[in-house]
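Asker: Before I ask anything, here is the structure I am working with.
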Amino acid sequence: MSRGPPAPARASAARLTSTTNRPPRTRIRLGTEPRSSRARRARLDLRTALVGSTVGHMDRIADVWGPRTPHGKGTVWPARVDEYLADGLSEDEVDRWVPSACVLCSNGCGCDIAVKDGRMVGVRGRATDVVNHGRLGPKGLYGSTPWASSPDRLTRPLVREAGQLVETDWDTAMGRVVEVSRRLLAEKGPLTHGFYSTGQLFAEEYYVLGVIGKAGLGTPHMDGNTRLCTATSAAAFKESFGADGQPGSYTDVEHCDALFLYGHNMAETQTVLWMRVLDRTRSPDPPVVVCVDPRRTPVAVEAERTGGVHLAPRVGTNLALMNGLTRELFANGWVDERWVRDHTLGVEELRGIVEPYTPEVVARTCGVDADDLRRAARIFGESRDVLSTVLQGFYQSHQATASAVAVHNLHLLRGLIGRPGSGVLQMNGQPTAQNNRECGADGDLPGFRNWENPRHVGELAELWNVDPLTIPHWAPPTHAMQIFGYAEEGSIGLLWVVGTNPAVSMPESARIRRILGGDQCFVVVQDLFLTETARLADVVLPAAGWGEKTGTFTNTNRVVHLSEKAVEPPGEARSDLEIFLMYADAMDFRDRDGAPLVPWREPEEVFDAWREASRGRPVDYTGLTYARLRGPTGIPWPVTEHAPDGTDRLYHDGVFPTRTDECETYGHDLLTGAVVTEQEHRAMRPDGRAFLKGAHHTPPHEEPGPEYPMLYTTGRTVYQFHTRTKTGRSPSLRAAAPDAWVELSEVDAARLGVSEGDVVRVESPRGAIEVRARVGRVRPGTVFAPFHYGSWDLDDADPEHQHRQANELTMTVWDPVSKQPYFKTAACRVVRVRGGDGPAPAPTTAASAPVGGGVPGTSGGAPTTTRLTDTPGYPDDPAVDAAGGTGGR
Amino acid sequence: MHLATYVGLAHRSERTLAESLRVVGEGHARHPDVLFTCRTLAGFSDDHVRQLEPVARRYGERHGGDVEEPDRLHAAGLAEVRSGPVGLLRDLQDLHVLGTLVLTTWTVINQAAQGLRDHELLSIARSASGQTSRQLSWLNTRMKAAAPQALIVAP
């Protein structure tokens, strides 16, 4: 019973004016307050449309996404301003509002930080920002500021003395780092140095770190925890399109007829983007949603509500599912043969690879219904405009890059890319992950340059005035898992961890603790708090955080924001930039002419230097300055002479950066990770055409068996971010998801004799956790565990006996191309330990909702305000306003 | 017809390569990418061995001990692995040598298939050559990445 999507509703603006859901739409200048009678009328209309929903003071723990502002297809997403102020403060008690953007997910919502008496006391969404149109999510509202004045902030450097970390001054702490660094360089050279950074610094800090590592020391061992969150996104772009770079835009949400979310629980991971989606799906002409996820998430519910499909493949079988969808496009003639001929390479090989993946074969492999697969494929094949988004359900799972590339293949086969409504959003997990990818502090060269292209390396050598051989480019930059491997064997003798918590976030925690705590490697940790990782370090450097320093960062949608310093950091804490400069000065790195290699002092000087490094590359920042970024909204790159106001979406002309001399990589074998050589690449003459690449499905590395009969998968909850360094210090967020849990399906719970809230032991061949069980909405046979919960806030924490850390169980194994670890495919067994004293501490508001009743709803967030305001014009927004004019300029 | 000699050589060298890949993978299991990729690549060679069955039925298959097969074409597999980073490098290099023997064997069979106008054999030889090249590419990629650390700083 295959059913097509509803006929695309091409609602005209004129028609929309007659509906009750007409959005308030006034033409105003950015940053000014409209006072026309029409605006007031529009506002009244909207309020009418919102009857029944709460506008005003809101508990955003209970109401995660806030009130709806539904609007018609192709019209501008209405503005709505969300605000949180601590301690019952009102707006007129705030001393200053400092412009920034939120760093508690990858969405990058424009916001202003409220400052009172030199302290950050809250945030307000910016109505004029293209990313969020004024909205903020629960993490942004409640979690942005409380951590900063937390009494347990690191305020002085620490060094290890007789086994204990003790406070010291900066000279002593940095002196120790420099002493070890110089000794290792003299003894064995730069390959003794490894840097493991983050997705949460600013662009300027990554760039300086990149220059220090690549041109100062000359080590290839630099990566970020971006390897854990976003490496597959970058790798998939490079394989398909030749270079990194998000093709689509959030504005595609307003124009698509179908929306596919692959392993992307957007409702929890990017709450504000999900609000944008809900405002379309709850309108009279909604897009059809298709959800690929092993849990019944809010996305899955929305898929069912809009007449779409929820496909819940068995963990580890994503690629088989994608091959099945791809085969359906070929089998039903949904391929735009002409576009494919003109703009792609490899269609015949791909056709051959997917041929065996009939719906019946896929149904058996993935445990999905064959007709559901056919329906999903038909929705993709017959909708006029399709937007696809992808996240960790694909990136951290088996055959990650091949699966993410398969999403590109579907779009390329239909030519659905580069126009409003048709695009791909390979999401990021962290707010500034994109900058690590761009600026060269992770496994890439700055400016999306190709380490195998001598001309690209030469450009950097010239820019930095160093010998090209200083810049390590004999092999791919070392990925995080390999860096820890080298630290384990001791060939990396100095490991510098910046702004991340691998003791909790990396797979197979027991092994990571051993590596960090051992004597074979000197460990430096630079962070805001004494994290589980910092406790194992030899030197701990106290860092300033967001709002305590100035810098830029780029969201997953390519939008660059300037985040200004709002307050002073506590005690002796210093910005990451200052710390890197301190190290560079002490090491006295010089260029080829004896001048200082790292001459910059202020963030703006570094930004200008980075801008030059980006010139002429796909990630071109040349039109951006701090002055430009002080405007009403963030600006999406590339920003150049030809695109002075930025670029809403890439590849409108179907021309991709795949030329051999231009591309960021010559590509890989998706199954093995073997590199394609320059000669092989040149011989294919890609010349701007995109690659269609496929691979066969292979069974996951660990499959359930008699001893470990269930599948184990990990993920996030809407109220926490990463290892809760910030969100765990917000009372509202902490109370909403205070402790770890696992989710079991109703069938499995019954079989195991487990009731809601019972304590269970979950074991894999590598470790075990004991937590309370939520009888929830996960696919039968699968166990879900949130990865946020380490031990920093437990009094009785014995680091060797973690009882709630999800990564105790995960495997050390990674994708052959992106090298992203697989957090979502392991085998486990579950044993009931004892009865509980109430329901599991899992939230009820989203994917972790219980199946049964009797569990009180998650609520109790501090009051926030939500205001509907007039909707300004947004630069480059392709949507039309209610009067039928074009949106934006 | 001497093709049988090369069918035998392909058969045996592919089997040796598959076994050696598994030995190296298991022996260096603390490098999970080596473990799992070696398993996958061994699967390629298993497939080739299977594909050779109809060919062997048609052309015969001559093995060692036969005076017509020059002794120097034998290649012993890897029965055990070396230890440490340099050991891994040397083991990967040995696999590469084995893989090269397999590849040139398929090149020779491919030439014979053309002369015989045997479409089935030609298709098998072409596909096997392509798969063997993928095995060699991965070994080369992995050696290049591992070499500097192993040669310069490994303990």
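Just remember, in the structure tokens the first chain shown is A, the second B, etc., residues are 1-based per chain, and ligands are 1-based in the order shown.
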Contacts of Met582 in chain A at 8 Å or less, counting only C-alpha atoms, minus same-chain residues fewer than 4 places along, as a PyMOL selection string?

Answerer: chain A and resi 174+578+586

Asker: What lies within 12 Å of Thr16 in chain B using only C-alpha atoms, ignoring chain neighbours under 2 positions off, as a VMD selection string?

Answerer: chain B and resid 9 to 14 18 to 23 42 45 to 46 49 74 to 79 94 to 95 97 to 99 101 to 102

Asker: Could you tell me which residues of chain B sit within 8 Å of chain A when counting only C-alpha atoms, and give me the result as a list in words?

Answerer: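 Every residue meeting the condition is included here: Pro32, Asp33, Phe36, Thr37, Thr40, Arg134, Ser137, Trp138, Leu139, Asn140, Thr141, Arg142, Lys144, Ala145, Gln149, Ile152, Val153, Ala154 and Pro155 of chain B.
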
Asker: From a backbone DSSP assignment, name each residue in range 306-483 of chain A labelled helix (DSSP H, G or I), as a VMD selection string.

Answerer: chain A and resid 318 to 331 337 to 343 347 to 354 359 to 366 370 to 382 392 to 395 400 to 414 433 to 439 446 to 448 454 to 464 468 to 470 480 to 483

Asker: Next, dump the selected residues to file, keeping only C-alpha atoms, as a CSV table (one decimal), in the first residue's frame.

Answerer:
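File produced: part_11.csv:
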```csv
chain,number,residue,atom,x,y,z
A,318,ASN,CA,21.8,2.4,7.9
A,319,LEU,CA,23.7,1.8,4.7
A,320,ALA,CA,21.5,-1.1,3.7
A,321,LEU,CA,18.5,1.2,4.2
A,322,MET,CA,20.1,4.0,2.1
A,323,ASN,CA,21.0,1.6,-0.6
A,324,GLY,CA,17.4,0.4,-0.7
A,325,LEU,CA,16.1,4.0,-1.0
A,326,THR,CA,18.6,4.7,-3.8
A,327,ARG,CA,17.6,1.6,-5.7
A,328,GLU,CA,14.0,2.7,-5.6
A,329,LEU,CA,14.9,6.0,-7.3
A,330,PHE,CA,16.5,4.0,-10.1
A,331,ALA,CA,13.8,1.3,-10.3
A,337,GLU,CA,19.1,11.5,-16.1
A,338,ARG,CA,20.0,14.8,-17.8
A,339,TRP,CA,21.0,16.6,-14.6
A,340,VAL,CA,22.9,13.5,-13.5
A,341,ARG,CA,24.8,13.4,-16.8
A,342,ASP,CA,25.8,17.0,-16.7
A,343,HIS,CA,26.6,17.4,-13.0
A,347,VAL,CA,26.0,6.9,-11.7
A,348,GLU,CA,26.5,3.5,-13.4
A,349,GLU,CA,28.8,2.2,-10.6
A,350,LEU,CA,26.2,3.4,-8.0
A,351,ARG,CA,23.4,1.7,-9.9
A,352,GLY,CA,25.4,-1.6,-9.8
A,353,ILE,CA,26.1,-1.3,-6.1
A,354,VAL,CA,22.5,-0.7,-5.0
A,359,PRO,CA,12.8,-3.6,-0.6
A,360,GLU,CA,12.5,-7.2,0.6
A,361,VAL,CA,16.2,-7.6,1.1
A,362,VAL,CA,16.4,-4.3,3.0
A,363,ALA,CA,13.3,-5.2,5.1
A,364,ARG,CA,15.1,-8.4,6.2
A,365,THR,CA,18.4,-6.7,6.9
A,366,CYS,CA,17.1,-3.6,8.6
A,370,ALA,CA,9.2,-3.1,2.8
A,371,ASP,CA,6.2,-1.0,2.0
A,372,ASP,CA,7.3,1.7,4.5
A,373,LEU,CA,10.6,1.8,2.6
A,374,ARG,CA,8.7,2.1,-0.7
A,375,ARG,CA,6.6,4.9,0.7
A,376,ALA,CA,9.6,6.8,2.0
A,377,ALA,CA,11.3,6.4,-1.4
A,378,ARG,CA,8.2,7.6,-3.2
A,379,ILE,CA,8.0,10.7,-1.0
A,380,PHE,CA,11.6,11.4,-1.9
A,381,GLY,CA,11.1,10.6,-5.5
A,382,GLU,CA,7.9,12.5,-6.2
A,392,GLN,CA,24.8,11.4,14.9
A,393,GLY,CA,22.4,8.5,14.2
A,394,PHE,CA,24.4,8.3,10.9
A,395,TYR,CA,27.7,9.9,11.9
A,400,ALA,CA,29.0,6.4,8.7
A,401,THR,CA,30.6,8.2,5.7
A,402,ALA,CA,29.1,5.9,3.2
A,403,SER,CA,25.6,6.4,4.7
A,404,ALA,CA,26.0,10.2,4.9
A,405,VAL,CA,27.2,10.2,1.3
A,406,ALA,CA,24.2,8.2,0.3
A,407,VAL,CA,22.0,11.1,1.4
A,408,HIS,CA,23.9,13.3,-1.1
A,409,ASN,CA,23.4,10.6,-3.7
A,410,LEU,CA,19.6,10.8,-3.4
A,411,HIS,CA,19.7,14.5,-3.9
A,412,LEU,CA,22.2,14.4,-6.8
A,413,LEU,CA,20.2,11.7,-8.6
A,414,ARG,CA,17.2,14.0,-8.6
A,433,ALA,CA,33.0,22.6,15.3
A,434,GLN,CA,32.8,24.2,11.9
A,435,ASN,CA,35.6,26.6,12.8
A,436,ASN,CA,37.9,23.8,13.8
A,437,ARG,CA,37.3,22.2,10.4
A,438,GLU,CA,38.0,25.5,8.7
A,439,CYS,CA,40.9,26.9,10.7
A,446,PRO,CA,43.3,25.8,7.1
A,447,GLY,CA,40.9,27.0,4.4
A,448,PHE,CA,39.8,23.5,3.3
A,454,PRO,CA,51.7,20.7,-3.0
A,455,ARG,CA,50.4,24.0,-4.2
A,456,HIS,CA,47.9,24.2,-1.3
A,457,VAL,CA,50.6,23.4,1.2
A,458,GLY,CA,52.8,26.0,-0.6
A,459,GLU,CA,50.2,28.7,-0.1
A,460,LEU,CA,50.2,28.1,3.7
A,461,ALA,CA,54.0,28.0,3.8
A,462,GLU,CA,54.1,31.4,2.0
A,463,LEU,CA,51.4,32.9,4.3
A,464,TRP,CA,53.3,31.8,7.4
A,468,PRO,CA,56.7,23.8,3.3
A,469,LEU,CA,58.3,20.7,4.8
A,470,THR,CA,57.6,22.1,8.3
A,480,ALA,CA,41.8,11.6,17.5
A,481,MET,CA,41.6,7.9,18.1
A,482,GLN,CA,45.1,7.5,16.6
A,483,ILE,CA,46.4,10.3,18.7
```

Asker: What is the distance between CA of Glu763 in chain A and CA of Met710 in chain A, in Å to one decimal?

Answerer: 10.0 Å

Asker: Using only C-alpha atoms, which residue out of B:Val24, B:Val108, B:Leu89, B:Leu122 lies closest to Thr5 in chain B?

Answerer: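 The closest residue to Thr5 in chain B is B:Val108.
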
Asker: Please identify all polymer residues within 8 Å of range 727-744 of chain A, counting only C-alpha atoms, omitting same-chain residues fewer than 4 positions from it, and present them as JSON, numbers by chain.

Answerer: {"A": [61, 138, 139, 142, 143, 144, 146, 147, 150, 717, 719, 720, 721, 748, 749, 771, 772, 773, 774, 775, 776, 777, 778, 780, 782, 783, 784, 785, 786, 788, 789, 804, 805, 840, 841, 842, 843, 848, 858, 859, 860, 861, 862]}

Asker: With N, CA and C atoms kept, could you save the residues just selected as a CSV table (one decimal), in the first residue's frame?

Answerer:
```csv
chain,number,residue,atom,x,y,z
A,61,ILE,N,11.3,24.2,30.5
A,61,ILE,CA,11.6,22.8,30.7
A,61,ILE,C,10.3,22.0,30.3
A,138,PRO,N,15.7,25.6,25.4
A,138,PRO,CA,15.9,25.4,26.9
A,138,PRO,C,17.4,25.5,27.3
A,139,LYS,N,18.3,24.8,26.6
A,139,LYS,CA,19.7,24.8,27.0
A,139,LYS,C,20.3,26.2,26.9
A,142,TYR,N,18.5,28.5,29.8
A,142,TYR,CA,18.8,28.2,31.2
A,142,TYR,C,20.3,27.9,31.4
A,143,GLY,N,21.0,27.5,30.3
A,143,GLY,CA,22.4,27.0,30.5
A,143,GLY,C,23.5,28.0,30.1
A,144,SER,N,23.1,29.1,29.5
A,144,SER,CA,24.2,29.9,28.9
A,144,SER,C,25.0,30.6,30.0
A,146,PRO,N,24.7,30.5,34.0
A,146,PRO,CA,24.9,30.1,35.4
A,146,PRO,C,26.3,29.6,35.7
A,147,TRP,N,26.9,28.7,34.8
A,147,TRP,CA,28.2,28.1,35.0
A,147,TRP,C,29.2,29.1,35.3
A,150,SER,N,29.8,30.0,38.8
A,150,SER,CA,29.8,28.8,39.6
A,150,SER,C,31.0,28.8,40.6
A,717,THR,N,20.1,14.0,25.5
A,717,THR,CA,18.8,14.4,25.9
A,717,THR,C,18.7,16.0,25.7
A,719,TYR,N,18.0,18.4,27.5
A,719,TYR,CA,18.3,19.3,28.6
A,719,TYR,C,19.8,19.4,28.9
A,720,GLN,N,20.6,18.5,28.3
A,720,GLN,CA,22.0,18.4,28.7
A,720,GLN,C,22.9,18.6,27.4
A,721,PHE,N,24.1,19.1,27.6
A,721,PHE,CA,25.0,19.2,26.5
A,721,PHE,C,26.3,18.5,26.9
A,748,ASP,N,11.0,-5.8,25.8
A,748,ASP,CA,12.3,-6.3,26.4
A,748,ASP,C,12.1,-6.1,28.0
A,749,ALA,N,11.5,-5.0,28.4
A,749,ALA,CA,11.3,-4.8,29.8
A,749,ALA,C,10.5,-6.0,30.4
A,771,VAL,N,22.2,1.7,36.3
A,771,VAL,CA,21.4,2.9,36.3
A,771,VAL,C,19.9,2.5,36.3
A,772,ARG,N,19.0,3.5,36.4
A,772,ARG,CA,17.6,3.1,36.4
A,772,ARG,C,17.1,3.0,35.0
A,773,ALA,N,16.0,2.2,34.8
A,773,ALA,CA,15.5,1.9,33.5
A,773,ALA,C,14.2,2.7,33.2
A,774,ARG,N,14.2,3.3,32.1
A,774,ARG,CA,13.0,3.9,31.6
A,774,ARG,C,12.4,2.9,30.6
A,775,VAL,N,11.1,2.5,30.8
A,775,VAL,CA,10.4,1.6,29.8
A,775,VAL,C,9.9,2.6,28.8
A,776,GLY,N,10.6,2.6,27.7
A,776,GLY,CA,10.3,3.8,26.7
A,776,GLY,C,10.1,3.3,25.3
A,777,ARG,N,10.5,4.2,24.4
A,777,ARG,CA,10.1,4.1,23.0
A,777,ARG,C,11.2,3.7,22.1
A,778,VAL,N,12.2,2.9,22.6
A,778,VAL,CA,13.3,2.5,21.8
A,778,VAL,C,12.8,1.2,21.0
A,780,PRO,N,12.5,-2.5,19.9
A,780,PRO,CA,12.8,-3.7,20.7
A,780,PRO,C,14.1,-4.3,20.3
A,782,THR,N,16.9,-3.2,21.5
A,782,THR,CA,17.9,-2.1,21.6
A,782,THR,C,17.8,-1.4,22.9
A,783,VAL,N,19.0,-1.0,23.4
A,783,VAL,CA,19.1,-0.3,24.7
A,783,VAL,C,19.7,1.1,24.4
A,784,PHE,N,19.1,2.1,24.9
A,784,PHE,CA,19.6,3.5,24.6
A,784,PHE,C,20.1,4.0,25.9
A,785,ALA,N,21.3,4.7,25.9
A,785,ALA,CA,21.9,5.3,27.1
A,785,ALA,C,22.3,6.7,26.7
A,786,PRO,N,22.0,7.7,27.6
A,786,PRO,CA,22.5,9.1,27.4
A,786,PRO,C,24.0,9.1,27.8
A,788,HIS,N,25.8,11.8,28.8
A,788,HIS,CA,26.2,13.0,29.5
A,788,HIS,C,26.8,12.8,30.8
A,789,TYR,N,26.6,11.6,31.4
A,789,TYR,CA,26.8,11.5,32.9
A,789,TYR,C,28.1,10.8,33.3
A,804,ARG,N,27.7,5.0,35.8
A,804,ARG,CA,26.6,5.6,35.0
A,804,ARG,C,27.2,6.1,33.7
A,805,GLN,N,28.4,5.9,33.4
A,805,GLN,CA,29.0,6.5,32.2
A,805,GLN,C,28.8,5.6,31.0
A,840,ALA,N,12.4,6.4,36.5
A,840,ALA,CA,13.7,6.7,36.1
A,840,ALA,C,13.9,8.2,35.9
A,841,PRO,N,15.1,8.8,36.1
A,841,PRO,CA,15.3,10.2,36.0
A,841,PRO,C,15.3,10.7,34.6
A,842,ALA,N,14.7,10.0,33.7
A,842,ALA,CA,14.7,10.4,32.3
A,842,ALA,C,13.5,11.4,32.0
A,843,PRO,N,13.8,12.4,31.2
A,843,PRO,CA,12.7,13.4,30.9
A,843,PRO,C,11.6,12.7,30.2
A,848,SER,N,12.7,10.4,25.3
A,848,SER,CA,12.8,9.5,26.5
A,848,SER,C,11.5,9.3,27.2
A,858,THR,N,8.0,16.1,33.1
A,858,THR,CA,9.2,16.9,33.4
A,858,THR,C,8.8,18.4,33.4
A,859,SER,N,9.1,19.2,34.4
A,859,SER,CA,8.7,20.6,34.4
A,859,SER,C,9.5,21.3,35.5
A,860,GLY,N,9.2,22.5,35.8
A,860,GLY,CA,9.9,23.2,36.9
A,860,GLY,C,11.0,24.1,36.5
A,861,GLY,N,11.0,24.5,35.2
A,861,GLY,CA,12.1,25.5,34.8
A,861,GLY,C,11.7,26.8,35.4
A,862,ALA,N,12.8,27.6,35.6
A,862,ALA,CA,12.6,29.0,36.0
A,862,ALA,C,11.8,29.8,35.0
```

Asker: Skip range 175-182 of chain A itself and residues of its chain fewer than 3 positions away, then list as a ChimeraX atom specification all residues within 9 Å of it, counting only C-alpha atoms.

Answerer: /A:159,170-172,185-187,190,192-193,493-494,522,524,539,583,586-587
